Protein chains: 2
Amino acid sequence: MLSLTGKLSTTFLNGVCFTKQSFKIYNGYSGFYDYGPSGCAIIPCVTPEVVLKASGHVEKLTDQMVKDEKTGTFYRADQLLKDFCNEKLREDVRLSLEQAAELRRTLAMMDDLSVEELGAKIKEYGITAPDTKNPLSDPYPFNLMFQTSVGPSGLTAAYVRPETAPGIFVNFKDLYYNNGNKLPFAAAQIGQAFRNEISPRQGFSRVREFTLAEIEHFVDPKDKSHPKFSEVKNLEFLMFPREEQMSAQSAKKIRLGEAVSRGIVNNETIGYFIGRVYLFLSRLGIDQDHLRFRQHLANEMAHYAADCWDAEIECSYGWIECVGIADRSAYDLRAHTEKSGVALVAQEKFSEPREVEKLVIAPVKKELGLAFKGKALGMKATLESKGEVEFYVRKLGKNVCIKKNMLLISKEKKKEFQRVFTPSVIEPSSGIDRIIYCLCEHCFYRRPSKAGDEQLNVFRFPPLVAPIKCTVFTLVQNQQYEEVAKVISESLSVAGISHKIDITGLCFG
Amino acid sequence: MLSLTGKLSTTFLNGVCFTKQSFKIYNGYSGFYDYGPSGCAIIPCVTPEVVLKASGHVEKLTDQMVKDEKTGTFYRADQLLKDFCNEKLREDVRLSLEQAAELRRTLAMMDDLSVEELGAKIKEYGITAPDTKNPLSDPYPFNLMFQTSVGPSGLTAAYVRPETAPGIFVNFKDLYYNNGNKLPFAAAQIGQAFRNEISPRQGFSRVREFTLAEIEHFVDPKDKSHPKFSEVKNLEFLMFPREEQMSAQSAKKIRLGEAVSRGIVNNETIGYFIGRVYLFLSRLGIDQDHLRFRQHLANEMAHYAADCWDAEIECSYGWIECVGIADRSAYDLRAHTEKSGVALVAQEKFSEPREVEKLVIAPVKKELGLAFKGKALGMKATLESKGEVEFYVRKLGKNVCIKKNMLLISKEKKKEFQRVFTPSVIEPSSGIDRIIYCLCEHCFYRRPSKAGDEQLNVFRFPPLVAPIKCTVFTLVQNQQYEEVAKVISESLSVAGISHKIDITGLCFG
């Protein structure tokens with residue numbers, strides 16, 4: 001036991017990978033701690049604004065909202081537009097072929113509409129508030145994060161996390177160190193995430209608080225092969241590649257190995273996770289005929305993403321996205337590197353030093369040289385053609401103009417011992433509540449009672465996930481039966497079998 | 001599988017105890033769902049204001065805060081006062097016996113001080129801001145909950161939950177039904193809780209986001225025996241009853257059965273949980289000589305509590321409270337019954353109907369009669385002495401004056417078939433992060449390296465909780481060794497043994 005003279009400091013504990021102050025790369029955040037890999041990464045829900053600015057959530061995690069001009073009720077603009085188009089197409093018999101085509105075009109490009117275009121469409125179609133038929137305001141962005149503040153001043157803005165991933169990215173350096181400074185490696189996180197939906201509907205598929213399970217698998221962008229891909233390459237299941245969607249075909253069974261070798265799936269690592277997600281969902285009890293992997297269309301995908309596939313499960317709400325598997329390239333680590341000033345990078349050590357030709361700058365001041373990094377070639381060209389070049393010096397906080405004669409840029413041969421790069425990240429992200437809802441539907445059936453006079457509702461879960469493996473019932477509610485039931489229940493407990501004891505006698509009443 | 005024509009409604013699912021809308025007794029809360037007992041109770045973190053008003057958190061979960069009048073820095077008033085007293089007692093050699101006694105009195109009554117008294121003490125002692133020596137503001141209450149709002153209007157106040165218990169109380173009716181309408185039963189919940197501490201310090205013992213594990217065990221207030229108490233009654237460990245604290249003695253070893261039979265511990269159920277908490281902490285690896293159960297003094301305990309014990313663990317911060325075990329009587333269920341208008345009660349069905357004498361009111365209108373419930377005797381007396389009585393009719397929303405001749409109150413003999421009552425709740429509440437911190441200290445030691453030239457830091461966790469059961473090391477970092485290490489690692493994975501593979505070769509470097 002530790003002598004009572006010395007406290008286990010968080011720095012010290014960090015040395016053995018146990019705990020550390022959260023959001024360390026942003027200078028920490030008083031009163032919040034993470035557990036390191038040897039503990040079990042519990043990453044705070046309350047997240048400082050700076051982290052979510054870097055990740056893009058503050059600017060981009062928005063829905064477009066419109067307001068009933070008279071009652072002040074809020075609606076999601078895209079939902080109203082979507083409902084309007086679908087209803088028109090379904091019910092308006094006087095619709096010309098041209099009008100119908102126009103509505104379908106609008107539905108197809110819904111995700112691409114800017115806030116102005118969305119407003120213009122609502123005006124053009126004469127859409128009003130669904131309950132009152134009052135006119136609607138122009139749409140405006142509403143951030144979906146629950147805002148709060150940390151500390152007594154009320155001035156330190158923070159949000160309740162909208163997803164778990166940023167908590168992993170900010171810990172990259174420690175995670176990389178804990179993996180012996182080698183790629184690939186993955187970090188996983190399960191926990192609550194929060195989104196302040198404008199108008200929640202569709203039961204479990206759009207809620208304000210939900211359970212998210214995310215893996216961030218970091219790889220070398222030059223080598224996205226996966227050592228275990230051979231374990232999943234022979235799986236065959238419904239896939240819905242981009243091309244099939246564009247040409248109005250339907251999902252079809254494809255062998256995963258073929259999908260990767262034909263380039264339908266971008267690389268082995270994203271393919272490996274598609275396979276593992278398929279196995280996971282199947283083993284839970286999701287019906288394979290109602291499960292498909294749909295590739296994102298170009299307009300759905302973030303500009304930086306290399307590839308993205310959604311595991312969609314068909315239920316009474318239609319096909320709903322339950323797991324997203326994205327190759328997000330180096331975007332997240334780069335964004336946090338830039339914002340925090342901490343380099344979230346990996347190194348590949350060469351077995352032999354390599355000779356490389358490099359542009360070398362002889363700077364007038366040391367920080368000028370630093371500021372040139374990675375931009376030297378372009379600057380050299382500009383200097384040669386224009387005779388000067390302007391650039392921003394972070395340390396000075398202003399633009400500085402460098403004249404040709406102020407420094408010397410030359411090509412030199414150098415020995416390099418390692419390559420420094422920002423890893424790519426492959427991110428499978430599972431909406432646990434949606435999966436559970438779909439599982440309930442897929443495992444549900446009705447059967448007639450023995451007497452045949454009523455329909456009984458049954459959930460037939462696979463034993464793996466059944467919350468109750470068996471139940472001990474008493475035929476009637478009485479003391480004697482109860483005691484026997486309890487003896488049986490205790491022996492089940494000892495055997496580690498999760499069960500229920502129902503001594504109400506109602507099941508046979 | 002469910003045909004794609006009918007959705008699984010949350011009401012329906014509730015019927016089979018799977019999921020339901022959260023905070024149902026407060027008319028639900030759009031976009032938030034709970035899992036029922038057959039799922040796994042995940043209860044939202046974001047909690048509507050009405051729930052936390054009923055539970056008393058909005059009014060009472062406050063700390064007293066003072067402000068540096070010049071810099072605006074905030075401090076916790078009681079911390080400053082405590083630090084001042086302790087420092088004076090430790091360092092001021094000119095202190096008279098009388099002055100020292102006064103400071104000790106202040107320390108002892110710290111928890112009883114009103115905000116005005118706290119302010120008066122700070123003035124009397126001339127306490128200033130610790131960093132600047134500037135004058136301090138009067139203390140004022142600061143609510144420790146993180147506030148946010150739900151929905152797009154920004155007008156629906158909500159808080160991120162400060163503990164998990166309220167989520168269980170609001171679900172009492174369903175939980176009771178699921179236990180066959182029988183007492184006792186318990187609900188357990190583990191998850192994040194959030195408190196916006198004014199100035200977090202002491203590492204893990206006071207943080208802004210922490211993991212709380214709470215059990216709410218509901219019992220009949222007339223029978224607080226516990227069927228499994230015999231399993232723990234022979235345990236003997238350090239207990240620190242109220243009397244020993246008042247008479248300045250120290251904690252001593254007491255057999256749990258004796259503590260209950262002598263009335264030191266209020267009842268078998270709270271005794272049972274004290275025993276189970278002792279076993280839990282011991283098995284984790286908490287050192288028994290540095291673990292004690294301390295009873296709350298009268299001034300620490302809420303007025304409604306029947307008894308309360310803290311499991312305190314000694315570490316480098318002193319004795320810190322890690323688990324609180326309280327008999328909170330019927331307080332919580334009554335508070336939520338009153339605020340929500342939903343009766344959170346239990347019934348005891350009599351095997352034979354019982355004859356009871358009851359006051360019976362023959363009302364002029366039905367709702368007048370309802371409004372009289374439980375107040376009839378006092379009203380009868382008032383009516384007889386004053387000839388009239390005034391009372392509030394909820395449905396009318398105003399006071400109504402009832403004259404003597406408007407109704408008839410008489411004693412009648414009636415048959416009763418059941419007793420309706422509000423259950424008591426025994427609540428063991430564990431601060432998981434504090435326990436883990438203490439465990440780290442208790443399992444930590446230093447030993448010399450084999451060469452004897454340095455001290456090595458070691459955590460010796462019991463296998464039960466050790467995050468890594470074993471590690472596969474390579475002697476040096478090379479391809480051949482790595483492959484062998486991976487083969488060993490894979491067979492450990494198959495055997496289900498959580499382990500680590502360290503191929504850095506650094507451990508023997």
# chains A, B, ... in the order shown; residues from 1 in each chain; ligands from 1
call {"tool": "select_by_dssp", "arguments": {"residues": "segment 253-442 of chain B", "states": "helix (DSSP H, G or I)", "output": "VMD selection string"}}
result
chain B and resid 256 to 261 268 to 284 288 to 290 331 to 340 366 to 372 376 to 386 404 to 406 432 to 442
call {"tool": "residues_around", "arguments": {"residues": "segment 248-262 of chain A", "least_positions_apart": "6", "cutoff": "8 Å", "atoms": "only C-alpha atoms", "output": "ChimeraX atom specification"}}
result
/A:232-241,268,271,275,292,294
call {"tool": "residues_around", "arguments": {"residues": "segment 76-78 of chain A", "least_positions_apart": "6", "cutoff": "7 Å", "atoms": "only C-alpha atoms", "output": "VMD selection string"}}
result
chain A and resid 63 to 66 139 198 to 199
call {"tool": "write_last_selection", "arguments": {"atoms": "N, CA and C atoms", "output": "short mmCIF file (atom, residue, chain, number, x, y, z; two decimals), in the first residue's frame"}}
result
data_model
loop_
_atom_site.label_atom_id
_atom_site.label_comp_id
_atom_site.auth_asym_id
_atom_site.auth_seq_id
_atom_site.Cartn_x
_atom_site.Cartn_y
_atom_site.Cartn_z
N ASP A 63 -29.28 21.29 -37.91
CA ASP A 63 -30.39 21.02 -38.81
C ASP A 63 -31.01 22.37 -39.16
N GLN A 64 -31.68 22.41 -40.31
CA GLN A 64 -32.34 23.66 -40.69
C GLN A 64 -33.73 23.68 -40.06
N MET A 65 -34.06 24.78 -39.41
CA MET A 65 -35.30 24.88 -38.65
C MET A 65 -36.17 25.98 -39.24
N VAL A 66 -37.48 25.74 -39.27
CA VAL A 66 -38.42 26.82 -39.61
C VAL A 66 -39.42 26.97 -38.48
N PRO A 139 -35.82 29.23 -43.32
CA PRO A 139 -35.07 28.28 -42.48
C PRO A 139 -33.78 28.89 -41.95
N ILE A 198 -34.74 18.71 -33.13
CA ILE A 198 -35.78 19.74 -33.20
C ILE A 198 -37.14 19.12 -32.94
N SER A 199 -37.45 18.03 -33.63
CA SER A 199 -38.74 17.38 -33.37
C SER A 199 -38.56 15.87 -33.49
#
call {"tool": "closest_residue", "arguments": {"among": "A:Thr73, A:Val265, A:Pro448, A:Ser137", "to": "Ala120 of chain A", "atoms": "only C-alpha atoms"}}
result
A:Ser137
